[in-house]
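Enquirer: File name coords_28.csv; file contents CSV, C-alpha atoms and all ligand atoms; full text below.
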```csv
chain,number,residue,atom,x,y,z
A,1,MET,CA,105.4,124.4,107.8
A,2,ASN,CA,104.3,121.9,105.2
A,3,LEU,CA,106.5,121.8,102.0
A,4,VAL,CA,106.7,120.0,98.7
A,5,PHE,CA,110.1,119.7,97.1
A,6,LEU,CA,109.8,119.3,93.4
A,7,GLY,CA,112.6,118.7,90.9
A,8,PRO,CA,114.1,116.0,88.6
A,9,PRO,CA,116.0,113.1,90.2
A,10,GLY,CA,119.4,114.4,91.3
A,11,ALA,CA,118.3,118.0,91.7
A,12,GLY,CA,119.3,117.9,95.4
A,13,LYS,CA,115.8,117.5,96.9
A,14,GLY,CA,117.0,115.0,99.5
A,15,THR,CA,120.2,117.0,100.4
A,16,GLN,CA,118.3,120.2,100.9
A,17,ALA,CA,115.4,118.5,102.7
A,18,LYS,CA,117.8,117.2,105.3
A,19,ARG,CA,119.1,120.7,106.0
A,20,ILE,CA,115.7,122.2,106.2
A,21,GLU,CA,114.6,119.4,108.5
A,22,ASP,CA,117.1,120.5,111.1
A,23,ARG,CA,116.5,124.2,110.8
A,24,TYR,CA,112.7,124.1,111.1
A,25,SER,CA,112.3,120.9,113.1
A,26,ILE,CA,110.1,119.3,110.5
A,27,VAL,CA,110.5,115.9,108.9
A,28,GLN,CA,111.5,114.8,105.4
A,29,LEU,CA,109.1,112.3,103.9
A,30,SER,CA,110.8,110.7,100.9
A,31,THR,CA,108.5,108.4,99.1
A,32,GLY,CA,111.5,106.8,97.3
A,33,ASP,CA,113.0,106.0,100.7
A,34,MET,CA,109.7,104.5,101.9
A,35,LEU,CA,109.4,102.3,98.8
A,36,ARG,CA,113.1,101.2,99.1
A,37,ALA,CA,112.4,100.2,102.7
A,38,GLU,CA,109.4,98.1,101.5
A,39,VAL,CA,111.5,96.5,98.8
A,40,THR,CA,114.2,95.6,101.4
A,41,SER,CA,111.6,94.2,103.8
A,42,GLY,CA,110.2,92.0,101.0
A,43,SER,CA,106.6,93.1,101.7
A,44,ASP,CA,103.8,92.6,99.1
A,45,LEU,CA,104.0,96.3,98.4
A,46,GLY,CA,107.8,96.1,98.0
A,47,VAL,CA,107.5,93.1,95.6
A,48,GLU,CA,105.0,95.1,93.5
A,49,ALA,CA,107.2,98.2,93.4
A,50,LYS,CA,110.6,96.7,92.8
A,51,GLY,CA,110.4,96.0,89.0
A,52,LEU,CA,108.9,99.4,88.3
A,53,MET,CA,111.5,101.2,90.3
A,54,GLU,CA,114.4,99.3,88.7
A,55,ALA,CA,113.0,100.3,85.3
A,56,GLY,CA,112.7,104.0,86.3
A,57,LYS,CA,108.9,103.9,86.1
A,58,LEU,CA,106.4,105.3,88.6
A,59,VAL,CA,104.5,103.1,90.9
A,60,SER,CA,100.7,103.5,91.0
A,61,ASP,CA,99.1,106.7,92.3
A,62,GLU,CA,96.8,104.7,94.6
A,63,MET,CA,99.7,102.9,96.3
A,64,ILE,CA,101.7,106.0,96.9
A,65,ILE,CA,98.8,108.2,98.0
A,66,SER,CA,97.8,105.8,100.7
A,67,ILE,CA,101.4,105.5,102.0
A,68,VAL,CA,101.7,109.3,102.3
A,69,ALA,CA,98.3,109.7,103.9
A,70,ASN,CA,99.2,107.2,106.7
A,71,ARG,CA,102.7,108.7,107.2
A,72,ILE,CA,101.4,112.3,107.6
A,73,ASP,CA,99.2,111.1,110.5
A,74,GLN,CA,102.2,110.0,112.6
A,75,ASP,CA,103.3,112.1,115.6
A,76,ASP,CA,106.6,113.3,114.2
A,77,CYS,CA,104.8,115.2,111.4
A,78,LYS,CA,103.0,117.5,113.9
A,79,ASN,CA,105.4,120.4,113.3
A,80,GLY,CA,105.3,119.9,109.6
A,81,PHE,CA,106.9,118.0,106.8
A,82,ILE,CA,108.8,118.2,103.5
A,83,LEU,CA,107.5,115.9,100.8
A,84,ASP,CA,110.4,114.7,98.7
A,85,GLY,CA,109.4,112.7,95.6
A,86,PHE,CA,105.6,113.2,96.1
A,87,PRO,CA,103.5,114.4,94.3
A,88,ARG,CA,104.8,113.1,91.0
A,89,THR,CA,101.8,113.4,88.8
A,90,VAL,CA,99.0,116.0,88.6
A,91,ASN,CA,96.6,113.3,89.9
A,92,GLN,CA,98.9,113.0,93.0
A,93,ALA,CA,99.0,116.8,93.5
A,94,GLU,CA,95.2,116.9,93.4
A,95,ALA,CA,95.0,114.0,95.9
A,96,LEU,CA,97.4,115.8,98.2
A,97,THR,CA,95.3,118.9,98.2
A,98,ASP,CA,92.2,116.9,99.2
A,99,MET,CA,94.1,114.8,101.7
A,100,LEU,CA,95.5,117.9,103.5
A,101,GLU,CA,92.1,119.6,103.5
A,102,GLN,CA,90.6,116.5,105.1
A,103,LYS,CA,93.3,116.6,107.8
A,104,GLY,CA,92.8,120.4,108.3
A,105,LEU,CA,96.2,121.1,106.9
A,106,LYS,CA,97.6,123.3,104.1
A,107,LEU,CA,100.7,123.5,102.0
A,108,THR,CA,103.0,126.4,102.8
A,109,TYR,CA,105.0,126.3,99.5
A,110,CYS,CA,106.0,124.1,96.7
A,111,VAL,CA,109.7,124.6,96.1
A,112,SER,CA,111.0,123.7,92.6
A,113,LEU,CA,114.7,123.0,92.1
A,114,LYS,CA,115.7,123.6,88.5
A,115,VAL,CA,118.7,121.7,87.0
A,116,ASP,CA,119.8,120.8,83.4
A,117,ASP,CA,119.4,117.1,82.4
A,118,GLU,CA,123.1,116.5,81.5
A,119,LEU,CA,124.3,117.7,84.9
A,120,LEU,CA,121.7,115.4,86.5
A,121,VAL,CA,123.0,112.3,84.8
A,122,ALA,CA,126.5,113.1,86.0
A,123,ARG,CA,125.3,113.8,89.5
A,124,ILE,CA,123.2,110.7,89.8
A,125,THR,CA,125.5,108.1,88.2
A,126,GLY,CA,128.3,109.1,90.6
A,127,ARG,CA,126.4,109.3,93.9
A,128,TYR,CA,126.5,106.9,96.8
A,129,THR,CA,125.8,106.9,100.5
A,130,CYS,CA,127.3,105.6,103.7
A,131,ALA,CA,125.6,102.3,104.5
A,132,LYS,CA,125.5,103.1,108.2
A,133,CYS,CA,124.5,106.7,108.6
A,134,GLY,CA,123.2,107.6,105.1
A,135,GLN,CA,125.6,110.5,104.5
A,136,GLY,CA,125.7,111.2,100.7
A,137,TYR,CA,128.8,111.3,98.6
A,138,HIS,CA,129.8,111.6,95.0
A,139,ASP,CA,132.7,110.0,93.0
A,140,GLU,CA,133.7,113.4,91.5
A,141,PHE,CA,131.9,116.2,93.3
A,142,GLU,CA,131.9,115.2,97.0
A,143,LYS,CA,134.4,112.6,98.0
A,144,PRO,CA,135.0,111.8,101.7
A,145,SER,CA,138.1,113.5,103.0
A,146,LYS,CA,139.7,110.0,103.6
A,147,GLU,CA,139.0,107.6,100.7
A,148,GLY,CA,136.7,104.8,101.7
A,149,VAL,CA,135.9,106.2,105.2
A,150,CYS,CA,132.7,108.1,106.0
A,151,ASP,CA,133.4,111.7,107.3
A,152,LYS,CA,130.4,111.6,109.5
A,153,CYS,CA,130.5,108.2,111.3
A,154,GLY,CA,133.8,106.5,110.2
A,155,ALA,CA,132.1,103.5,108.6
A,156,THR,CA,133.7,101.9,105.6
A,157,GLU,CA,130.7,100.4,103.9
A,158,PHE,CA,128.9,102.3,101.2
A,159,SER,CA,126.0,101.6,99.0
A,160,ARG,CA,124.6,102.8,95.6
A,161,ARG,CA,120.9,102.8,94.6
A,162,ALA,CA,120.0,100.1,92.1
A,163,ASP,CA,118.3,102.7,89.9
A,164,ASP,CA,121.2,105.1,89.8
A,165,ASN,CA,122.6,103.8,86.4
A,166,GLU,CA,122.6,105.8,83.2
A,167,GLU,CA,119.8,103.8,81.5
A,168,THR,CA,117.4,104.0,84.4
A,169,VAL,CA,118.3,107.6,85.0
A,170,ARG,CA,117.2,108.5,81.4
A,171,SER,CA,113.8,106.8,82.0
A,172,ARG,CA,113.4,108.6,85.4
A,173,LEU,CA,114.2,112.0,83.7
A,174,GLU,CA,111.6,111.2,81.0
A,175,ALA,CA,109.0,110.3,83.7
A,176,TYR,CA,109.9,113.6,85.3
A,177,HIS,CA,109.4,115.7,82.2
A,178,ASN,CA,106.3,113.9,81.0
A,179,GLU,CA,104.5,113.3,84.3
A,180,THR,CA,105.9,115.5,87.1
A,181,ALA,CA,106.8,118.8,85.4
A,182,PRO,CA,103.1,119.4,84.5
A,183,ILE,CA,102.5,119.9,88.3
A,184,LEU,CA,104.4,123.2,88.2
A,185,PRO,CA,101.5,125.2,86.7
A,186,TYR,CA,99.2,123.6,89.2
A,187,TYR,CA,101.1,125.2,92.1
A,188,GLU,CA,101.8,128.4,90.2
A,189,GLU,CA,98.1,129.0,89.8
A,190,ARG,CA,97.6,128.6,93.5
A,191,ASP,CA,100.5,131.0,94.2
A,192,LEU,CA,102.4,128.3,96.1
A,193,LEU,CA,105.3,127.9,93.7
A,194,ARG,CA,108.8,129.1,94.5
A,195,THR,CA,111.7,128.3,92.2
A,196,VAL,CA,115.4,128.0,93.1
A,197,ASP,CA,118.5,127.4,91.0
A,198,GLY,CA,119.5,123.8,91.7
A,199,MET,CA,122.7,124.2,89.6
A,200,ALA,CA,124.2,126.5,92.3
A,201,PRO,CA,126.6,125.0,94.9
A,202,ILE,CA,124.8,123.2,97.8
A,203,ASP,CA,125.3,126.0,100.3
A,204,GLU,CA,124.1,128.6,97.9
A,205,VAL,CA,120.9,126.6,97.3
A,206,THR,CA,120.4,126.3,101.1
A,207,LYS,CA,120.8,130.1,101.4
A,208,GLU,CA,118.2,130.7,98.7
A,209,LEU,CA,115.8,128.3,100.4
A,210,ASN,CA,116.3,129.9,103.8
A,211,ALA,CA,115.5,133.3,102.2
A,212,ILE,CA,112.2,132.0,100.8
A,213,LEU,CA,111.1,130.1,103.9
A,214,GLY,CA,112.1,132.8,106.4
B,1,LIG,P1,113.2,108.7,94.2
B,1,LIG,O1,114.0,108.2,95.4
B,1,LIG,O2,112.3,109.8,94.6
B,1,LIG,O3,114.0,109.0,93.0
B,1,LIG,O4,112.2,107.5,93.8
B,1,LIG,C1,112.7,106.3,93.3
B,1,LIG,C2,111.6,105.5,92.6
B,1,LIG,O5,110.5,105.2,93.5
B,1,LIG,C3,110.9,106.3,91.4
B,1,LIG,O6,111.7,106.1,90.2
B,1,LIG,C4,109.6,105.6,91.3
B,1,LIG,O7,109.7,104.3,90.7
B,1,LIG,C5,109.2,105.4,92.8
B,1,LIG,N1,108.5,106.5,93.3
B,1,LIG,C6,108.9,107.4,94.3
B,1,LIG,N2,108.0,108.3,94.6
B,1,LIG,C7,107.0,108.1,93.8
B,1,LIG,C8,105.7,108.7,93.6
B,1,LIG,N3,105.3,109.8,94.3
B,1,LIG,N4,104.9,108.2,92.6
B,1,LIG,C9,105.2,107.1,91.9
B,1,LIG,N5,106.4,106.4,92.0
B,1,LIG,C10,107.3,106.9,93.0
```
Rewrite the structure of this file - the entire thing - as structure tokens.

Expert:
Amino acid sequence: MNLVFLGPPGAGKGTQAKRIEDRYSIVQLSTGDMLRAEVTSGSDLGVEAKGLMEAGKLVSDEMIISIVANRIDQDDCKNGFILDGFPRTVNQAEALTDMLEQKGLKLTYCVSLKVDDELLVARITGRYTCAKCGQGYHDEFEKPSKEGVCDKCGATEFSRRADDNEETVRSRLEAYHNETAPILPYYEERDLLRTVDGMAPIDEVTKELNAILG
């Protein structure tokens, strides 16, 4: 099963992708995570991407398309994958279609998670993750049961993304509406689009997704 998760930042793509990953034994490919790893490693690519990411702008289509094309070829993608954060422009969506065709693969669905902008700002500016295992938390909506201790692994160090501040979030939402939302009709025309209510509680969204994916 090969999926695209589409939705504004904070819609819950990453959270849901992690759950789908386990259920269907496919891998989540987050282009944001890949780029953050490049930034941390200090590679040429990371240096190029850093400023754009901090400003909430998109990195170039060429850069991201080649990263994804290489990643899909790796062994762990054999069963399938969930693209989270890619495609982000109509140009990237077209490139993905061509790329999959060349590899003899097809997209199963594009799942769109719909959420209002104001809720997104609240979700994003409060979110943080365990620095050790990556478990996600939120200042208001999802606190660990013991303050300052990760429920999953017991670690006490947490981190926040540099671009999860209100100003950058507004730019990222603008980029979503201007550049990413126009992808929806692209997938609708190909009968691949499935829409879920991303405002519902996390477990409800998972149920809706499971019903779609079978
Ligand atoms: P995300 O973790 O998906 O919110 O991505 C964080 C940042 O990485 C974005 O604001 C962009 O600067 C960059 N980025 C991630 N995926 C893409 C993509 N497909 N195309 C262009 N830029 C991207």

Enquirer: Output the neighbourhood of ligand LIG 1 (chain B) as an MDAnalysis selection string, that is, all protein and nucleic acid residues with some atom at most 10 Å from the ligand, counting only C-alpha atoms and all ligand atoms.

Expert: chainID A and resid 6:10 13:14 30:36 49:65 67:68 83:89 92:93 124 161:164 168:169 171:173 175:176 179:180

Enquirer: Could the residues in this selection be written to a file with C-alpha atoms, as a PDB file, in the frame of the given file?

Expert:
```pdb
ATOM      1  CA  LEU A   6     109.800 119.300  93.400  1.00  0.00           C
ATOM      2  CA  GLY A   7     112.600 118.700  90.900  1.00  0.00           C
ATOM      3  CA  PRO A   8     114.100 116.000  88.600  1.00  0.00           C
ATOM      4  CA  PRO A   9     116.000 113.100  90.200  1.00  0.00           C
ATOM      5  CA  GLY A  10     119.400 114.400  91.300  1.00  0.00           C
ATOM      6  CA  LYS A  13     115.800 117.500  96.900  1.00  0.00           C
ATOM      7  CA  GLY A  14     117.000 115.000  99.500  1.00  0.00           C
ATOM      8  CA  SER A  30     110.800 110.700 100.900  1.00  0.00           C
ATOM      9  CA  THR A  31     108.500 108.400  99.100  1.00  0.00           C
ATOM     10  CA  GLY A  32     111.500 106.800  97.300  1.00  0.00           C
ATOM     11  CA  ASP A  33     113.000 106.000 100.700  1.00  0.00           C
ATOM     12  CA  MET A  34     109.700 104.500 101.900  1.00  0.00           C
ATOM     13  CA  LEU A  35     109.400 102.300  98.800  1.00  0.00           C
ATOM     14  CA  ARG A  36     113.100 101.200  99.100  1.00  0.00           C
ATOM     15  CA  ALA A  49     107.200  98.200  93.400  1.00  0.00           C
ATOM     16  CA  LYS A  50     110.600  96.700  92.800  1.00  0.00           C
ATOM     17  CA  GLY A  51     110.400  96.000  89.000  1.00  0.00           C
ATOM     18  CA  LEU A  52     108.900  99.400  88.300  1.00  0.00           C
ATOM     19  CA  MET A  53     111.500 101.200  90.300  1.00  0.00           C
ATOM     20  CA  GLU A  54     114.400  99.300  88.700  1.00  0.00           C
ATOM     21  CA  ALA A  55     113.000 100.300  85.300  1.00  0.00           C
ATOM     22  CA  GLY A  56     112.700 104.000  86.300  1.00  0.00           C
ATOM     23  CA  LYS A  57     108.900 103.900  86.100  1.00  0.00           C
ATOM     24  CA  LEU A  58     106.400 105.300  88.600  1.00  0.00           C
ATOM     25  CA  VAL A  59     104.500 103.100  90.900  1.00  0.00           C
ATOM     26  CA  SER A  60     100.700 103.500  91.000  1.00  0.00           C
ATOM     27  CA  ASP A  61      99.100 106.700  92.300  1.00  0.00           C
ATOM     28  CA  GLU A  62      96.800 104.700  94.600  1.00  0.00           C
ATOM     29  CA  MET A  63      99.700 102.900  96.300  1.00  0.00           C
ATOM     30  CA  ILE A  64     101.700 106.000  96.900  1.00  0.00           C
ATOM     31  CA  ILE A  65      98.800 108.200  98.000  1.00  0.00           C
ATOM     32  CA  ILE A  67     101.400 105.500 102.000  1.00  0.00           C
ATOM     33  CA  VAL A  68     101.700 109.300 102.300  1.00  0.00           C
ATOM     34  CA  LEU A  83     107.500 115.900 100.800  1.00  0.00           C
ATOM     35  CA  ASP A  84     110.400 114.700  98.700  1.00  0.00           C
ATOM     36  CA  GLY A  85     109.400 112.700  95.600  1.00  0.00           C
ATOM     37  CA  PHE A  86     105.600 113.200  96.100  1.00  0.00           C
ATOM     38  CA  PRO A  87     103.500 114.400  94.300  1.00  0.00           C
ATOM     39  CA  ARG A  88     104.800 113.100  91.000  1.00  0.00           C
ATOM     40  CA  THR A  89     101.800 113.400  88.800  1.00  0.00           C
ATOM     41  CA  GLN A  92      98.900 113.000  93.000  1.00  0.00           C
ATOM     42  CA  ALA A  93      99.000 116.800  93.500  1.00  0.00           C
ATOM     43  CA  ILE A 124     123.200 110.700  89.800  1.00  0.00           C
ATOM     44  CA  ARG A 161     120.900 102.800  94.600  1.00  0.00           C
ATOM     45  CA  ALA A 162     120.000 100.100  92.100  1.00  0.00           C
ATOM     46  CA  ASP A 163     118.300 102.700  89.900  1.00  0.00           C
ATOM     47  CA  ASP A 164     121.200 105.100  89.800  1.00  0.00           C
ATOM     48  CA  THR A 168     117.400 104.000  84.400  1.00  0.00           C
ATOM     49  CA  VAL A 169     118.300 107.600  85.000  1.00  0.00           C
ATOM     50  CA  SER A 171     113.800 106.800  82.000  1.00  0.00           C
ATOM     51  CA  ARG A 172     113.400 108.600  85.400  1.00  0.00           C
ATOM     52  CA  LEU A 173     114.200 112.000  83.700  1.00  0.00           C
ATOM     53  CA  ALA A 175     109.000 110.300  83.700  1.00  0.00           C
ATOM     54  CA  TYR A 176     109.900 113.600  85.300  1.00  0.00           C
ATOM     55  CA  GLU A 179     104.500 113.300  84.300  1.00  0.00           C
ATOM     56  CA  THR A 180     105.900 115.500  87.100  1.00  0.00           C
TER      57      THR A 180
END
```

Enquirer: Between A:Gly80, A:Pro144, A:Pro182, A:Gly42, which one has atoms that come closest to Ile26 in chain A, using only C-alpha atoms?

Expert: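 Nearest to Ile26 in chain A: A:Gly80.
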
Enquirer: Given only C-alpha atoms as the basis, pick out the residue of A:Ile202, A:Asn178, A:Asp75, A:Asn70 nearest to Leu100 in chain A.

Expert: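 Of all the options, A:Asn70 lies closest to Leu100 in chain A.
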
Enquirer: Take CA of Thr129 in chain A and CA of Asp117 in chain A and report the distance between them in Å, one decimal.

Expert: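 About the pair CA of Thr129 in chain A and CA of Asp117 in chain A: they are 21.7 Å apart.
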
Enquirer: Hey, which of A:Val4, A:Ile212, A:Val121, A:Cys110 ends up closest to Ile82 in chain A? Count only C-alpha atoms.

Expert: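 Of A:Val4, A:Ile212, A:Val121, A:Cys110, the one nearest Ile82 in chain A is A:Val4, counting only C-alpha atoms.
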
Enquirer: Within 12 Å of Lys207 in chain A, counting all atoms listed in the file, which residues qualify if same-chain residues fewer than 5 places away don't, as a ChimeraX atom specification?

Expert: /A:16,19-20,23,196-198,200-202,212-214

Enquirer: Find the distance between CA of Asp151 in chain A and CA of Asp22 in chain A and write it in Å to one decimal.

Expert: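 One can read the CA of Asp151 in chain A to CA of Asp22 in chain A distance as 18.9 Å.
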
Enquirer: What separation in Å, quoted to one decimal, exists between CA of Leu105 in chain A and CA of Leu192 in chain A?

Expert: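 About the pair CA of Leu105 in chain A and CA of Leu192 in chain A: they are 14.4 Å apart.
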
Enquirer: Working from the structure I just supplied, which lacks atoms in range 25-57 of chain A, can you model N, CA and C atoms there and output them as an mmCIF file, in the frame of the given file?

Expert:
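Saved file result-v9.cif follows:
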```cif
data_model
loop_
_atom_site.group_PDB
_atom_site.id
_atom_site.type_symbol
_atom_site.label_atom_id
_atom_site.label_comp_id
_atom_site.auth_asym_id
_atom_site.auth_seq_id
_atom_site.Cartn_x
_atom_site.Cartn_y
_atom_site.Cartn_z
ATOM 1 N N SER A 25 112.832 121.991 112.349
ATOM 2 C CA SER A 25 112.300 120.900 113.100
ATOM 3 C C SER A 25 111.046 120.242 112.480
ATOM 4 N N ILE A 26 111.155 120.021 111.182
ATOM 5 C CA ILE A 26 110.100 119.300 110.500
ATOM 6 C C ILE A 26 110.709 118.047 109.872
ATOM 7 N N VAL A 27 109.887 117.117 109.388
ATOM 8 C CA VAL A 27 110.500 115.900 108.900
ATOM 9 C C VAL A 27 110.411 115.724 107.386
ATOM 10 N N GLN A 28 111.473 115.116 106.863
ATOM 11 C CA GLN A 28 111.500 114.800 105.400
ATOM 12 C C GLN A 28 110.784 113.522 105.182
ATOM 13 N N LEU A 29 109.838 113.549 104.268
ATOM 14 C CA LEU A 29 109.100 112.300 103.900
ATOM 15 C C LEU A 29 109.478 112.000 102.457
ATOM 16 N N SER A 30 110.402 111.066 102.262
ATOM 17 C CA SER A 30 110.800 110.700 100.900
ATOM 18 C C SER A 30 110.060 109.435 100.497
ATOM 19 N N THR A 31 109.216 109.555 99.490
ATOM 20 C CA THR A 31 108.500 108.400 99.100
ATOM 21 C C THR A 31 109.408 107.319 98.464
ATOM 22 N N GLY A 32 110.508 107.778 97.834
ATOM 23 C CA GLY A 32 111.500 106.800 97.300
ATOM 24 C C GLY A 32 112.105 106.003 98.454
ATOM 25 N N ASP A 33 112.471 106.680 99.557
ATOM 26 C CA ASP A 33 113.000 106.000 100.700
ATOM 27 C C ASP A 33 112.014 104.982 101.293
ATOM 28 N N MET A 34 110.752 105.417 101.368
ATOM 29 C CA MET A 34 109.700 104.500 101.900
ATOM 30 C C MET A 34 109.571 103.289 101.054
ATOM 31 N N LEU A 35 109.578 103.496 99.737
ATOM 32 C CA LEU A 35 109.400 102.300 98.800
ATOM 33 C C LEU A 35 110.659 101.442 98.903
ATOM 34 N N ARG A 36 111.853 102.039 99.000
ATOM 35 C CA ARG A 36 113.100 101.200 99.100
ATOM 36 C C ARG A 36 113.035 100.364 100.371
ATOM 37 N N ALA A 37 112.488 100.930 101.458
ATOM 38 C CA ALA A 37 112.400 100.200 102.700
ATOM 39 C C ALA A 37 111.403 98.989 102.507
ATOM 40 N N GLU A 38 110.332 99.224 101.751
ATOM 41 C CA GLU A 38 109.400 98.100 101.500
ATOM 42 C C GLU A 38 110.039 97.042 100.629
ATOM 43 N N VAL A 39 110.846 97.470 99.652
ATOM 44 C CA VAL A 39 111.500 96.500 98.800
ATOM 45 C C VAL A 39 112.478 95.645 99.648
ATOM 46 N N THR A 40 113.245 96.303 100.518
ATOM 47 C CA THR A 40 114.200 95.600 101.400
ATOM 48 C C THR A 40 113.489 94.615 102.303
ATOM 49 N N SER A 41 112.329 95.029 102.822
ATOM 50 C CA SER A 41 111.600 94.200 103.800
ATOM 51 C C SER A 41 110.930 92.994 103.057
ATOM 52 N N GLY A 42 110.799 93.103 101.729
ATOM 53 C CA GLY A 42 110.200 92.000 101.000
ATOM 54 C C GLY A 42 108.663 91.955 101.127
ATOM 55 N N SER A 43 108.050 93.064 101.559
ATOM 56 C CA SER A 43 106.600 93.100 101.700
ATOM 57 C C SER A 43 105.892 92.962 100.362
ATOM 58 N N ASP A 44 104.586 92.680 100.365
ATOM 59 C CA ASP A 44 103.800 92.600 99.100
ATOM 60 C C ASP A 44 103.976 93.849 98.291
ATOM 61 N N LEU A 45 103.869 94.962 99.019
ATOM 62 C CA LEU A 45 104.000 96.300 98.400
ATOM 63 C C LEU A 45 105.383 96.419 97.723
ATOM 64 N N GLY A 46 106.410 95.980 98.471
ATOM 65 C CA GLY A 46 107.800 96.100 98.000
ATOM 66 C C GLY A 46 107.985 95.225 96.721
ATOM 67 N N VAL A 47 107.400 94.036 96.721
ATOM 68 C CA VAL A 47 107.500 93.100 95.600
ATOM 69 C C VAL A 47 106.880 93.802 94.339
ATOM 70 N N GLU A 48 105.725 94.441 94.584
ATOM 71 C CA GLU A 48 105.000 95.100 93.500
ATOM 72 C C GLU A 48 105.822 96.294 92.942
ATOM 73 N N ALA A 49 106.471 97.018 93.844
ATOM 74 C CA ALA A 49 107.200 98.200 93.400
ATOM 75 C C ALA A 49 108.528 97.985 92.791
ATOM 76 N N LYS A 50 109.180 96.883 93.173
ATOM 77 C CA LYS A 50 110.600 96.700 92.800
ATOM 78 C C LYS A 50 110.874 96.782 91.291
ATOM 79 N N GLY A 51 110.128 96.046 90.486
ATOM 80 C CA GLY A 51 110.400 96.000 89.000
ATOM 81 C C GLY A 51 110.201 97.399 88.415
ATOM 82 N N LEU A 52 109.151 98.090 88.854
ATOM 83 C CA LEU A 52 108.900 99.400 88.300
ATOM 84 C C LEU A 52 110.006 100.380 88.659
ATOM 85 N N MET A 53 110.459 100.316 89.905
ATOM 86 C CA MET A 53 111.500 101.200 90.300
ATOM 87 C C MET A 53 112.817 100.940 89.572
ATOM 88 N N GLU A 54 113.119 99.661 89.375
ATOM 89 C CA GLU A 54 114.400 99.300 88.700
ATOM 90 C C GLU A 54 114.305 99.755 87.210
ATOM 91 N N ALA A 55 113.083 99.877 86.655
ATOM 92 C CA ALA A 55 113.000 100.300 85.300
ATOM 93 C C ALA A 55 112.836 101.850 85.175
ATOM 94 N N GLY A 56 112.812 102.529 86.336
ATOM 95 C CA GLY A 56 112.700 104.000 86.300
ATOM 96 C C GLY A 56 111.271 104.446 86.074
ATOM 97 N N LYS A 57 110.291 103.524 86.275
ATOM 98 C CA LYS A 57 108.900 103.900 86.100
ATOM 99 C C LYS A 57 108.230 104.245 87.401
#
```
